[in-house]
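Participant: You'll find coords_32.cif just under this line, and it carries mmCIF, C-alpha atoms and all ligand atoms.
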```
data_coords
#
loop_
_atom_site.group_PDB
_atom_site.id
_atom_site.type_symbol
_atom_site.label_atom_id
_atom_site.label_comp_id
_atom_site.auth_asym_id
_atom_site.auth_seq_id
_atom_site.Cartn_x
_atom_site.Cartn_y
_atom_site.Cartn_z
ATOM 1 C CA MET A 1 0.000 0.000 0.000
ATOM 2 C CA ARG A 2 1.776 3.160 -1.118
ATOM 3 C CA LYS A 3 -0.540 6.049 -1.891
ATOM 4 C CA ILE A 4 -3.258 7.160 0.528
ATOM 5 C CA VAL A 5 -5.720 9.864 -0.522
ATOM 6 C CA ILE A 6 -7.833 11.325 2.284
ATOM 7 C CA LEU A 7 -10.910 13.548 1.921
ATOM 8 C CA THR A 8 -12.020 15.404 5.039
ATOM 9 C CA GLY A 9 -15.243 17.293 5.771
ATOM 10 C CA ALA A 10 -16.783 19.360 8.535
ATOM 11 C CA GLY A 11 -17.102 16.331 10.861
ATOM 12 C CA ILE A 12 -13.349 16.260 11.509
ATOM 13 C CA SER A 13 -13.478 19.789 12.945
ATOM 14 C CA ALA A 14 -16.737 19.280 14.886
ATOM 15 C CA GLU A 15 -14.973 18.296 18.104
ATOM 16 C CA SER A 16 -12.826 21.434 17.795
ATOM 17 C CA GLY A 17 -16.076 23.371 18.206
ATOM 18 C CA LEU A 18 -16.660 24.325 14.557
ATOM 19 C CA GLY A 19 -20.169 23.586 13.353
ATOM 20 C CA THR A 20 -21.029 21.089 10.638
ATOM 21 C CA PHE A 21 -23.508 22.024 7.901
ATOM 22 C CA ARG A 22 -26.227 19.395 7.728
ATOM 23 C CA ASP A 23 -26.372 17.926 11.246
ATOM 24 C CA VAL A 24 -29.221 18.977 13.551
ATOM 25 C CA GLY A 25 -28.462 22.581 14.584
ATOM 26 C CA GLY A 26 -25.845 22.811 11.803
ATOM 27 C CA ILE A 27 -24.901 25.915 9.854
ATOM 28 C CA TRP A 28 -27.558 25.393 7.167
ATOM 29 C CA SER A 29 -30.286 25.293 9.816
ATOM 30 C CA GLN A 30 -29.191 28.761 10.961
ATOM 31 C CA TYR A 31 -28.412 30.429 7.626
ATOM 32 C CA ASP A 32 -29.975 30.315 4.166
ATOM 33 C CA LEU A 33 -27.251 28.822 1.981
ATOM 34 C CA GLU A 34 -28.634 30.632 -1.069
ATOM 35 C CA GLU A 35 -27.928 33.937 0.701
ATOM 36 C CA VAL A 36 -24.477 33.217 2.171
ATOM 37 C CA ALA A 37 -22.874 30.548 -0.048
ATOM 38 C CA THR A 38 -23.692 31.470 -3.643
ATOM 39 C CA PRO A 39 -22.263 34.193 -5.917
ATOM 40 C CA GLU A 40 -25.843 35.443 -6.413
ATOM 41 C CA GLY A 41 -26.304 35.835 -2.646
ATOM 42 C CA PHE A 42 -23.033 37.766 -2.458
ATOM 43 C CA ALA A 43 -24.144 40.070 -5.287
ATOM 44 C CA ARG A 44 -27.457 40.727 -3.466
ATOM 45 C CA ASN A 45 -25.988 41.397 -0.034
ATOM 46 C CA PRO A 46 -22.178 41.399 0.280
ATOM 47 C CA ALA A 47 -22.293 42.752 3.841
ATOM 48 C CA LEU A 48 -24.351 39.756 5.037
ATOM 49 C CA VAL A 49 -21.917 37.322 3.415
ATOM 50 C CA HIS A 50 -18.895 39.110 4.894
ATOM 51 C CA ASP A 51 -20.551 39.063 8.354
ATOM 52 C CA PHE A 52 -21.090 35.281 7.998
ATOM 53 C CA TYR A 53 -17.477 34.558 7.024
ATOM 54 C CA ASN A 54 -15.990 37.136 9.441
ATOM 55 C CA ALA A 55 -17.728 35.274 12.292
ATOM 56 C CA ARG A 56 -16.546 31.903 10.996
ATOM 57 C CA ARG A 57 -12.987 33.252 10.596
ATOM 58 C CA ALA A 58 -13.015 34.381 14.247
ATOM 59 C CA ASN A 59 -14.396 31.004 15.376
ATOM 60 C CA ALA A 60 -11.778 29.105 13.384
ATOM 61 C CA LEU A 61 -8.988 31.235 14.819
ATOM 62 C CA ALA A 62 -10.217 30.526 18.360
ATOM 63 C CA ALA A 63 -10.498 26.758 17.721
ATOM 64 C CA GLU A 64 -7.711 24.252 18.285
ATOM 65 C CA PRO A 65 -6.871 21.201 16.175
ATOM 66 C CA ASN A 66 -8.075 17.939 17.716
ATOM 67 C CA ALA A 67 -6.744 14.394 17.972
ATOM 68 C CA ALA A 68 -8.046 13.512 14.496
ATOM 69 C CA HIS A 69 -6.163 16.373 12.800
ATOM 70 C CA ALA A 70 -3.060 15.400 14.782
ATOM 71 C CA ALA A 71 -3.337 11.730 13.783
ATOM 72 C CA LEU A 72 -3.488 12.627 10.061
ATOM 73 C CA ALA A 73 -0.438 14.892 10.449
ATOM 74 C CA ARG A 74 1.438 11.947 12.042
ATOM 75 C CA LEU A 75 0.339 9.717 9.181
ATOM 76 C CA GLU A 76 1.740 12.201 6.647
ATOM 77 C CA ARG A 77 5.021 12.371 8.590
ATOM 78 C CA ASP A 78 5.496 8.629 9.189
ATOM 79 C CA TRP A 79 3.940 6.883 6.154
ATOM 80 C CA GLN A 80 6.546 5.379 3.841
ATOM 81 C CA GLY A 81 4.473 6.127 0.728
ATOM 82 C CA GLU A 82 2.524 9.230 -0.308
ATOM 83 C CA VAL A 83 -0.283 10.830 1.705
ATOM 84 C CA VAL A 84 -2.522 13.323 -0.115
ATOM 85 C CA LEU A 85 -4.950 15.292 2.040
ATOM 86 C CA VAL A 86 -7.872 16.985 0.303
ATOM 87 C CA THR A 87 -10.165 18.956 2.582
ATOM 88 C CA GLN A 88 -13.540 20.540 1.939
ATOM 89 C CA ASN A 89 -12.980 22.573 5.106
ATOM 90 C CA ILE A 90 -12.058 26.226 4.974
ATOM 91 C CA ASP A 91 -10.464 26.269 8.437
ATOM 92 C CA ASP A 92 -6.702 25.777 8.891
ATOM 93 C CA LEU A 93 -6.819 23.141 11.635
ATOM 94 C CA HIS A 94 -5.001 20.522 9.531
ATOM 95 C CA GLU A 95 -2.095 22.941 9.017
ATOM 96 C CA ARG A 96 -2.067 23.970 12.673
ATOM 97 C CA ALA A 97 -1.900 20.277 13.642
ATOM 98 C CA GLY A 98 1.320 20.067 11.614
ATOM 99 C CA HIS A 99 0.052 18.764 8.270
ATOM 100 C CA GLN A 100 2.487 20.011 5.608
ATOM 101 C CA ARG A 101 0.503 19.677 2.364
ATOM 102 C CA VAL A 102 -3.248 20.311 2.331
ATOM 103 C CA ILE A 103 -5.419 20.835 -0.750
ATOM 104 C CA HIS A 104 -8.318 23.154 0.170
ATOM 105 C CA MET A 105 -10.805 22.367 -2.579
ATOM 106 C CA HIS A 106 -13.464 24.779 -1.202
ATOM 107 C CA GLY A 107 -11.028 27.626 -0.452
ATOM 108 C CA GLU A 108 -9.781 29.064 2.831
ATOM 109 C CA LEU A 109 -11.024 31.551 5.419
ATOM 110 C CA THR A 110 -7.547 33.109 5.401
ATOM 111 C CA GLY A 111 -7.873 34.021 1.730
ATOM 112 C CA ALA A 112 -9.352 37.055 -0.015
ATOM 113 C CA LEU A 113 -10.302 37.147 -3.692
ATOM 114 C CA CYS A 114 -11.160 40.030 -6.017
ATOM 115 C CA ALA A 115 -14.443 39.267 -7.788
ATOM 116 C CA GLN A 116 -13.381 41.755 -10.484
ATOM 117 C CA CYS A 117 -9.817 40.782 -11.472
ATOM 118 C CA GLY A 118 -9.301 37.427 -9.711
ATOM 119 C CA ALA A 119 -6.366 38.574 -7.527
ATOM 120 C CA HIS A 120 -5.747 36.512 -4.355
ATOM 121 C CA TRP A 121 -4.308 37.874 -1.098
ATOM 122 C CA THR A 122 -4.300 37.146 2.633
ATOM 123 C CA ALA A 123 -7.597 38.098 4.244
ATOM 124 C CA PRO A 124 -7.672 40.444 7.220
ATOM 125 C CA LEU A 125 -9.541 39.115 10.255
ATOM 126 C CA VAL A 126 -12.491 41.332 9.350
ATOM 127 C CA MET A 127 -13.290 41.808 5.653
ATOM 128 C CA ARG A 128 -15.687 44.403 4.247
ATOM 129 C CA ALA A 129 -17.295 44.727 0.841
ATOM 130 C CA GLU A 130 -15.879 48.229 0.387
ATOM 131 C CA ASP A 131 -12.256 47.075 0.890
ATOM 132 C CA PRO A 132 -10.348 47.838 -2.338
ATOM 133 C CA CYS A 133 -8.511 45.089 -4.220
ATOM 134 C CA PRO A 134 -4.725 45.611 -3.838
ATOM 135 C CA GLU A 135 -4.255 44.793 -7.553
ATOM 136 C CA CYS A 136 -7.041 46.622 -9.414
ATOM 137 C CA GLY A 137 -8.438 48.938 -6.722
ATOM 138 C CA GLU A 138 -12.052 47.792 -7.246
ATOM 139 C CA ALA A 139 -14.268 47.387 -4.167
ATOM 140 C CA ALA A 140 -15.033 43.781 -5.134
ATOM 141 C CA THR A 141 -13.383 41.961 -2.236
ATOM 142 C CA ARG A 142 -14.869 38.589 -1.371
ATOM 143 C CA PRO A 143 -13.779 35.642 0.765
ATOM 144 C CA ASP A 144 -11.708 33.115 -1.208
ATOM 145 C CA ILE A 145 -14.362 30.434 -0.738
ATOM 146 C CA VAL A 146 -15.934 28.119 -3.332
ATOM 147 C CA TRP A 147 -19.677 28.679 -3.317
ATOM 148 C CA PHE A 148 -22.434 26.603 -4.906
ATOM 149 C CA GLY A 149 -22.240 26.791 -8.671
ATOM 150 C CA GLU A 150 -18.514 27.587 -8.637
ATOM 151 C CA MET A 151 -15.694 25.268 -9.661
ATOM 152 C CA PRO A 152 -13.771 23.840 -6.689
ATOM 153 C CA TYR A 153 -9.994 24.396 -6.680
ATOM 154 C CA ASP A 154 -7.387 21.952 -8.027
ATOM 155 C CA MET A 155 -9.924 19.537 -9.530
ATOM 156 C CA ASP A 156 -7.550 18.121 -12.179
ATOM 157 C CA LEU A 157 -4.867 17.500 -9.573
ATOM 158 C CA ILE A 158 -7.336 15.952 -7.118
ATOM 159 C CA GLU A 159 -8.874 13.644 -9.737
ATOM 160 C CA ARG A 160 -5.401 12.440 -10.733
ATOM 161 C CA HIS A 161 -4.640 11.651 -7.093
ATOM 162 C CA VAL A 162 -7.988 9.899 -6.546
ATOM 163 C CA ILE A 163 -7.639 7.574 -9.537
ATOM 164 C CA SER A 164 -4.045 6.680 -8.619
ATOM 165 C CA ALA A 165 -4.762 5.988 -4.927
ATOM 166 C CA ASP A 166 -4.154 2.586 -3.376
ATOM 167 C CA LEU A 167 -6.393 3.613 -0.456
ATOM 168 C CA PHE A 168 -9.062 6.324 -0.421
ATOM 169 C CA ALA A 169 -10.458 7.465 2.950
ATOM 170 C CA ALA A 170 -13.359 9.859 3.553
ATOM 171 C CA ILE A 171 -13.579 11.358 7.037
ATOM 172 C CA GLY A 172 -16.433 13.403 8.547
ATOM 173 C CA THR A 173 -18.318 14.237 5.371
ATOM 174 C CA SER A 174 -21.983 13.627 4.565
ATOM 175 C CA GLY A 175 -21.324 12.901 0.889
ATOM 176 C CA GLN A 176 -24.051 15.291 -0.239
ATOM 177 C CA VAL A 177 -21.961 17.852 -2.107
ATOM 178 C CA PHE A 178 -20.420 17.203 -5.517
ATOM 179 C CA PRO A 179 -17.801 16.882 -6.910
ATOM 180 C CA ALA A 180 -16.290 15.635 -3.606
ATOM 181 C CA ALA A 181 -19.142 13.122 -3.211
ATOM 182 C CA GLY A 182 -18.046 11.466 -6.460
ATOM 183 C CA PHE A 183 -14.477 10.739 -5.386
ATOM 184 C CA VAL A 184 -15.309 7.379 -3.777
ATOM 185 C CA MET A 185 -16.897 6.162 -7.026
ATOM 186 C CA HIS A 186 -13.818 7.183 -9.003
ATOM 187 C CA ALA A 187 -11.503 5.559 -6.455
ATOM 188 C CA ASN A 188 -13.558 2.341 -6.521
ATOM 189 C CA ALA A 189 -13.565 2.287 -10.326
ATOM 190 C CA ALA A 190 -9.791 2.679 -10.317
ATOM 191 C CA GLY A 191 -9.397 -0.295 -7.961
ATOM 192 C CA ALA A 192 -8.525 1.475 -4.704
ATOM 193 C CA GLU A 193 -9.527 0.144 -1.313
ATOM 194 C CA THR A 194 -12.045 2.593 0.156
ATOM 195 C CA VAL A 195 -12.787 3.380 3.785
ATOM 196 C CA GLU A 196 -15.233 5.744 5.491
ATOM 197 C CA LEU A 197 -14.768 7.163 8.988
ATOM 198 C CA ASN A 198 -17.865 9.032 10.147
ATOM 199 C CA LEU A 199 -20.051 9.585 13.174
ATOM 200 C CA GLU A 200 -22.983 7.883 11.459
ATOM 201 C CA PRO A 201 -23.843 6.324 8.091
ATOM 202 C CA SER A 202 -23.592 8.847 5.254
ATOM 203 C CA GLU A 203 -25.309 9.058 1.864
ATOM 204 C CA LEU A 204 -22.400 7.116 0.402
ATOM 205 C CA SER A 205 -21.713 4.491 3.079
ATOM 206 C CA GLY A 206 -22.707 1.591 0.805
ATOM 207 C CA MET A 207 -19.916 2.456 -1.607
ATOM 208 C CA PHE A 208 -17.031 1.940 0.827
ATOM 209 C CA ASP A 209 -15.228 -1.361 1.372
ATOM 210 C CA ARG A 210 -14.838 -0.687 5.089
ATOM 211 C CA ARG A 211 -16.428 1.693 7.592
ATOM 212 C CA PHE A 212 -15.512 2.941 11.068
ATOM 213 C CA GLU A 213 -18.355 4.621 12.906
ATOM 214 C CA GLY A 214 -17.776 7.059 15.775
ATOM 215 C CA PRO A 215 -16.397 10.494 16.654
ATOM 216 C CA ALA A 216 -13.387 11.489 14.573
ATOM 217 C CA THR A 217 -11.179 12.024 17.654
ATOM 218 C CA GLU A 218 -11.612 8.320 18.439
ATOM 219 C CA VAL A 219 -11.886 6.546 15.098
ATOM 220 C CA VAL A 220 -9.214 8.492 13.196
ATOM 221 C CA PRO A 221 -6.338 7.941 15.678
ATOM 222 C CA GLY A 222 -7.463 4.292 15.975
ATOM 223 C CA TRP A 223 -7.370 3.872 12.183
ATOM 224 C CA VAL A 224 -4.005 5.631 11.788
ATOM 225 C CA GLU A 225 -2.143 3.711 14.523
HETATM 226 C C1 LIG B 301 -18.759 13.648 12.394
HETATM 227 C C2 LIG B 301 -18.653 14.250 13.623
HETATM 228 C C3 LIG B 301 -17.611 13.828 14.414
HETATM 229 C C4 LIG B 301 -20.336 15.119 12.705
HETATM 230 N N1 LIG B 301 -16.777 12.892 13.963
HETATM 231 N N2 LIG B 301 -17.930 12.704 11.964
HETATM 232 C C5 LIG B 301 -27.748 18.247 -8.298
HETATM 233 C C6 LIG B 301 -27.091 17.013 -8.348
HETATM 234 C C7 LIG B 301 -25.700 16.934 -8.234
HETATM 235 C C8 LIG B 301 -24.932 18.076 -8.048
HETATM 236 C C9 LIG B 301 -25.585 19.285 -8.011
HETATM 237 C C10 LIG B 301 -26.973 19.370 -8.140
HETATM 238 N N3 LIG B 301 -27.322 20.675 -8.043
HETATM 239 C C11 LIG B 301 -26.198 21.406 -7.855
HETATM 240 C C12 LIG B 301 -25.131 20.574 -7.839
HETATM 241 C C13 LIG B 301 -23.700 20.949 -7.639
HETATM 242 C C14 LIG B 301 -23.428 21.378 -6.214
HETATM 243 C C15 LIG B 301 -23.922 20.284 -5.264
HETATM 244 O O1 LIG B 301 -23.273 19.288 -5.048
HETATM 245 N N4 LIG B 301 -25.082 20.482 -4.647
HETATM 246 C C16 LIG B 301 -25.637 19.459 -3.777
HETATM 247 C C17 LIG B 301 -26.152 20.129 -2.514
HETATM 248 C C18 LIG B 301 -26.679 18.683 -4.552
HETATM 249 N N5 LIG B 301 -21.998 21.547 -6.095
HETATM 250 C C19 LIG B 301 -21.390 22.662 -6.451
HETATM 251 O O2 LIG B 301 -22.002 23.643 -6.842
HETATM 252 C C20 LIG B 301 -19.880 22.655 -6.404
HETATM 253 N N6 LIG B 301 -19.367 23.048 -7.655
HETATM 254 C C21 LIG B 301 -19.575 22.326 -8.775
HETATM 255 O O3 LIG B 301 -20.227 21.279 -8.769
HETATM 256 O O4 LIG B 301 -18.964 22.826 -9.874
HETATM 257 C C22 LIG B 301 -19.141 22.126 -11.135
HETATM 258 C C23 LIG B 301 -18.200 20.960 -11.261
HETATM 259 C C24 LIG B 301 -18.640 19.804 -11.865
HETATM 260 C C25 LIG B 301 -17.770 18.711 -12.018
HETATM 261 C C26 LIG B 301 -16.477 18.789 -11.577
HETATM 262 C C27 LIG B 301 -16.066 19.947 -10.978
HETATM 263 C C28 LIG B 301 -16.929 21.027 -10.812
HETATM 264 C C29 LIG B 301 -19.369 23.632 -5.361
HETATM 265 C C30 LIG B 301 -19.707 23.189 -3.979
HETATM 266 C C31 LIG B 301 -19.261 24.236 -2.973
HETATM 267 C C32 LIG B 301 -19.644 23.819 -1.559
HETATM 268 N N7 LIG B 301 -19.503 24.922 -0.716
HETATM 269 C C33 LIG B 301 -19.786 24.744 0.706
HETATM 270 C C34 LIG B 301 -19.852 26.157 1.365
HETATM 271 C C35 LIG B 301 -18.607 26.941 1.168
HETATM 272 C C36 LIG B 301 -17.546 26.605 2.193
HETATM 273 C C37 LIG B 301 -17.951 27.027 3.589
HETATM 274 O O5 LIG B 301 -18.671 28.045 3.760
HETATM 275 O O6 LIG B 301 -17.498 26.379 4.553
HETATM 276 O O7 LIG B 301 -18.810 23.889 1.288
HETATM 277 S S1 LIG B 301 -21.327 23.920 1.041
HETATM 278 C C38 LIG B 301 -20.729 23.039 2.448
HETATM 279 O O8 LIG B 301 -20.886 21.638 2.154
HETATM 280 C C39 LIG B 301 -19.259 23.337 2.550
HETATM 281 C C40 LIG B 301 -18.710 21.965 2.792
HETATM 282 O O9 LIG B 301 -17.326 21.913 2.410
HETATM 283 C C41 LIG B 301 -19.585 21.072 1.965
HETATM 284 C C42 LIG B 301 -19.573 19.625 2.382
HETATM 285 O O10 LIG B 301 -20.104 19.471 3.652
HETATM 286 P P1 LIG B 301 -19.510 18.372 4.661
HETATM 287 O O11 LIG B 301 -18.112 18.702 4.975
HETATM 288 O O12 LIG B 301 -19.769 17.021 4.118
HETATM 289 O O13 LIG B 301 -20.356 18.661 5.971
HETATM 290 P P2 LIG B 301 -21.795 18.078 6.417
HETATM 291 O O14 LIG B 301 -22.307 18.934 7.505
HETATM 292 O O15 LIG B 301 -22.683 17.875 5.254
HETATM 293 O O16 LIG B 301 -21.464 16.611 6.978
HETATM 294 C C43 LIG B 301 -20.713 16.433 8.156
HETATM 295 C C44 LIG B 301 -20.577 14.941 8.417
HETATM 296 O O17 LIG B 301 -19.738 14.772 9.542
HETATM 297 C C45 LIG B 301 -21.915 14.240 8.728
HETATM 298 O O18 LIG B 301 -21.996 13.026 7.982
HETATM 299 C C46 LIG B 301 -21.829 13.941 10.223
HETATM 300 O O19 LIG B 301 -22.457 12.712 10.603
HETATM 301 C C47 LIG B 301 -20.344 13.846 10.424
HETATM 302 N N8 LIG B 301 -19.910 14.213 11.762
HETATM 303 N N9 LIG B 301 -19.715 15.169 13.758
HETATM 304 C C48 LIG B 301 -17.009 12.342 12.721
HETATM 305 N N10 LIG B 301 -17.439 14.341 15.668
#
```
What does the file become when written as structure tokens?
Facilitator:
Amino acid sequence: MRKIVILTGAGISAESGLGTFRDVGGIWSQYDLEEVATPEGFARNPALVHDFYNARRANALAAEPNAAHAALARLERDWQGEVVLVTQNIDDLHERAGHQRVIHMHGELTGALCAQCGAHWTAPLVMRAEDPCPECGEAATRPDIVWFGEMPYDMDLIERHVISADLFAAIGTSGQVFPAAGFVMHANAAGAETVELNLEPSELSGMFDRRFEGPATEVVPGWVE
């Protein structure tokens, strides 16, 4: 077994105190995703969207990585083959746990993006719609986050990793959002062993060869060791 590709979702950061999306009391039960996680919502009310992500940026900064993030960082350090970590999460808890290489397919809370010219820069703790882009000067500053209807980052690279994996693991994700939800099918078709680690059965559980059910801080260190 040489190449391990891991996909993480909101469930891995839940025990660090960051909310998931679709669990009871999750983020989408408190906010209308059409208003805060689509380009159309941002065009309608940029201040609302900035408030949403400013609060999440503050929460992420106050959170600490947990035992599951730490276990994956150890795996990357100690595994003799290749470990590729793809996260749907926009927090930086994998990096703060010591993970060296993380692909953030849905963007990062620490990033700012100009909706006008496409420039990327480091986000301040509090972003505002009227902040000018450092490249073009337009007041079109948005969080560097992939919203519904937008193309996730690094898709060609991720797909190449997924179809060349010996083992594909999905951790703490409900499997309801594409294209990430399709990775297990591609990994299966390419002959990888597939494993799911999640608190409860997900939409995609039937597609995995093996499953470990429980909180990430217990099942992930147990799987890694
Ligand atoms: C624990 C735990 C613990 C809890 N321990 N586990 C119709 C059919 C098919 C597709 C579409 C369709 N209509 C539209 C689409 C496309 C759309 C989509 O998939 N929509 C679905 C809702 C149907 N997708 C897109 O628009 C994407 N772009 C796209 O498709 O571009 C075209 C394209 C095509 C082909 C190739 C490439 C591109 C973009 C999606 C962007 C998603 N953005 C969000 C918000 C922005 C980021 C943010 O604000 O944080 O990303 S949505 C939200 O969902 C967020 C997450 O990254 C994402 C996934 O959620 P996740 O991580 O799975 O969280 P939950 O809450 O759903 O699940 C948590 C899990 O953890 C649960 O199972 C719990 O049980 C578990 N858990 N505690 C272990 N302690």
Participant: Quick one: residues within 8 Å of Pro221 in chain A, only C-alpha atoms, excluding same-chain residues fewer than 2 positions away - as a list in words?
Facilitator: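 Residues meeting the cut-off are Ala67, Ala68, Ala71, Leu72, Ala216, Thr217, Glu218, Val219, Trp223, Val224 and Glu225 of chain A.
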Participant: Can you translate the PyMOL selection byres (((chain A and resi 200) around 9) and not hetatm) into the concrete residues it hits in this file, as a ChimeraX atom specification?
Facilitator: /A:197-199,201-202,212-215
Participant: Assuming 8 Å of padding per side, give the centre and edge lengths of the axis-aligned box around every listed atom of ligand LIG 301 (chain B), in Å to one decimal and as AutoDock Vina command-line options.
Facilitator:
```
--center_x -21.9 --center_y 20.2 --center_z 1.8 --size_x 27.7 --size_y 31.7 --size_z 43.7
```
Participant: Written as number ranges by chain, what is the full residue list that the PyMOL selection byres (((not hetatm)) within 6 of (chain B and resi 301)) yields on the file shown?
Facilitator: A: 9-12, 14-15, 20-23, 37, 88-90, 106, 145-152, 172-179, 198-200, 202, 215-216
Participant: If the PyMOL selection byres (((chain A and resi 158) around 12) and not hetatm) is run on the structure shown, which residues does it catch, given as number ranges by chain?
Facilitator: A: 5-7, 84-88, 102-105, 152-157, 159-165, 168, 179-180, 182-183, 186-187
Participant: I'd like the neighbourhood of range 118-120 of chain A as a list in words, where a residue qualifies if any of its atoms comes within 9 Å (using all atoms listed in the file), though same-chain residues fewer than 5 positions away should be ignored.
Facilitator: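 Residues meeting the cut-off are Gly111, Ala112, Leu113, Cys133, Pro134, Glu135, Cys136 and Asp144 of chain A.
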Participant: Which is closer to Ala169 in chain A than all the others in A:His94, A:Arg210, A:Arg44, A:Arg101, using all atoms listed in the file?
Facilitator: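 With all atoms listed in the file as the atom set, the closest residue is A:Arg210.
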Participant: Could you state the separation of CA of Glu64 in chain A and CA of Trp28 in chain A in Å, given to one decimal place?
Facilitator: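 It comes out at 22.8 Å.
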Participant: Please tell me which residues are no farther than 12 Å from (-21.1, 43.4, 5.6) in the file, counting all atoms listed in the file, and write them as a list in words.
Facilitator: Val36, Phe42, Ala43, Arg44, Asn45, Pro46, Ala47, Leu48, Val49, His50, Asp51, Phe52, Tyr53, Asn54, Ala55, Val126, Met127, Arg128, Ala129, Glu130, Asp131, Thr141, Arg142 and Pro143 of chain A
Participant: Taking only C-alpha atoms into account, which of A:Gly41, A:Gln100, A:Asn59, A:Ala170 comes nearest Thr8 in chain A?
Facilitator: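 For Thr8 in chain A, the nearest of the candidates is A:Ala170.
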Participant: Of the residues A:Ala62, A:Gln30, A:Leu167, A:Ala115, which is the one nearest to Gly81 in chain A, using only C-alpha atoms?
Facilitator: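 Closest to Gly81 in chain A of all the choices is A:Leu167.
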Participant: If I take CA of Pro65 in chain A and CA of Gly98 in chain A, how far is one from the other in Å, to one decimal?
Facilitator: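 Result for CA of Pro65 in chain A versus CA of Gly98 in chain A: 9.4 Å, one decimal.
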Participant: For a quick check of understanding, using only C-alpha atoms, which of A:Ala190, A:Ala58, A:Val83, A:Val184 has the smallest distance to Ser205 in chain A?
Facilitator: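 Closest candidate: A:Val184.
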Participant: Smallest atom-to-atom distance to Arg57 in chain A: which of A:Pro39, A:Gly25, A:Pro124, A:Gly17, using all atoms listed in the file?
Facilitator: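 The closest residue to Arg57 in chain A is A:Pro124.
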Participant: Excluding Phe208 in chain A and its own-chain neighbours fewer than 5 positions away, which residues fall within 7 Å of it when counting all atoms listed in the file? Please give them as a PyMOL selection string.
Facilitator: chain A and resi 194-196
Participant: Figure out the distance between CA of Leu93 in chain A and CA of Asn66 in chain A, please, to one decimal in Å.
Facilitator: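 According to the coordinates, CA of Asn66 in chain A and CA of Leu93 in chain A are separated by 8.1 Å.
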Participant: So which residues touch Asp166 in chain A within 7 Å, counting only C-alpha atoms, skipping near sequence neighbours fewer than 2 positions away, as a list in words?
Facilitator: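 In the requested form, the answer reads Met1, Arg2, Lys3, Ile4, Ser164, Phe168, Ala192 and Glu193 of chain A.
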Participant: Just to be explicit: take each residue in the selection above, keep C-alpha atoms, and write the result as a short mmCIF file (atom, residue, chain, number, x, y, z; two decimals), in the frame of the given file.
Facilitator:
```cif
data_model
loop_
_atom_site.label_atom_id
_atom_site.label_comp_id
_atom_site.auth_asym_id
_atom_site.auth_seq_id
_atom_site.Cartn_x
_atom_site.Cartn_y
_atom_site.Cartn_z
CA MET A 1 0.00 0.00 0.00
CA ARG A 2 1.78 3.16 -1.12
CA LYS A 3 -0.54 6.05 -1.89
CA ILE A 4 -3.26 7.16 0.53
CA SER A 164 -4.04 6.68 -8.62
CA PHE A 168 -9.06 6.32 -0.42
CA ALA A 192 -8.52 1.48 -4.70
CA GLU A 193 -9.53 0.14 -1.31
#
```
Participant: Using only C-alpha atoms, which of the listed residues (A:Ala60, A:Arg74, A:Arg96, A:Gly206) sits closest to Thr110 in chain A?
Facilitator: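 For Thr110 in chain A, the nearest of the candidates is A:Ala60.
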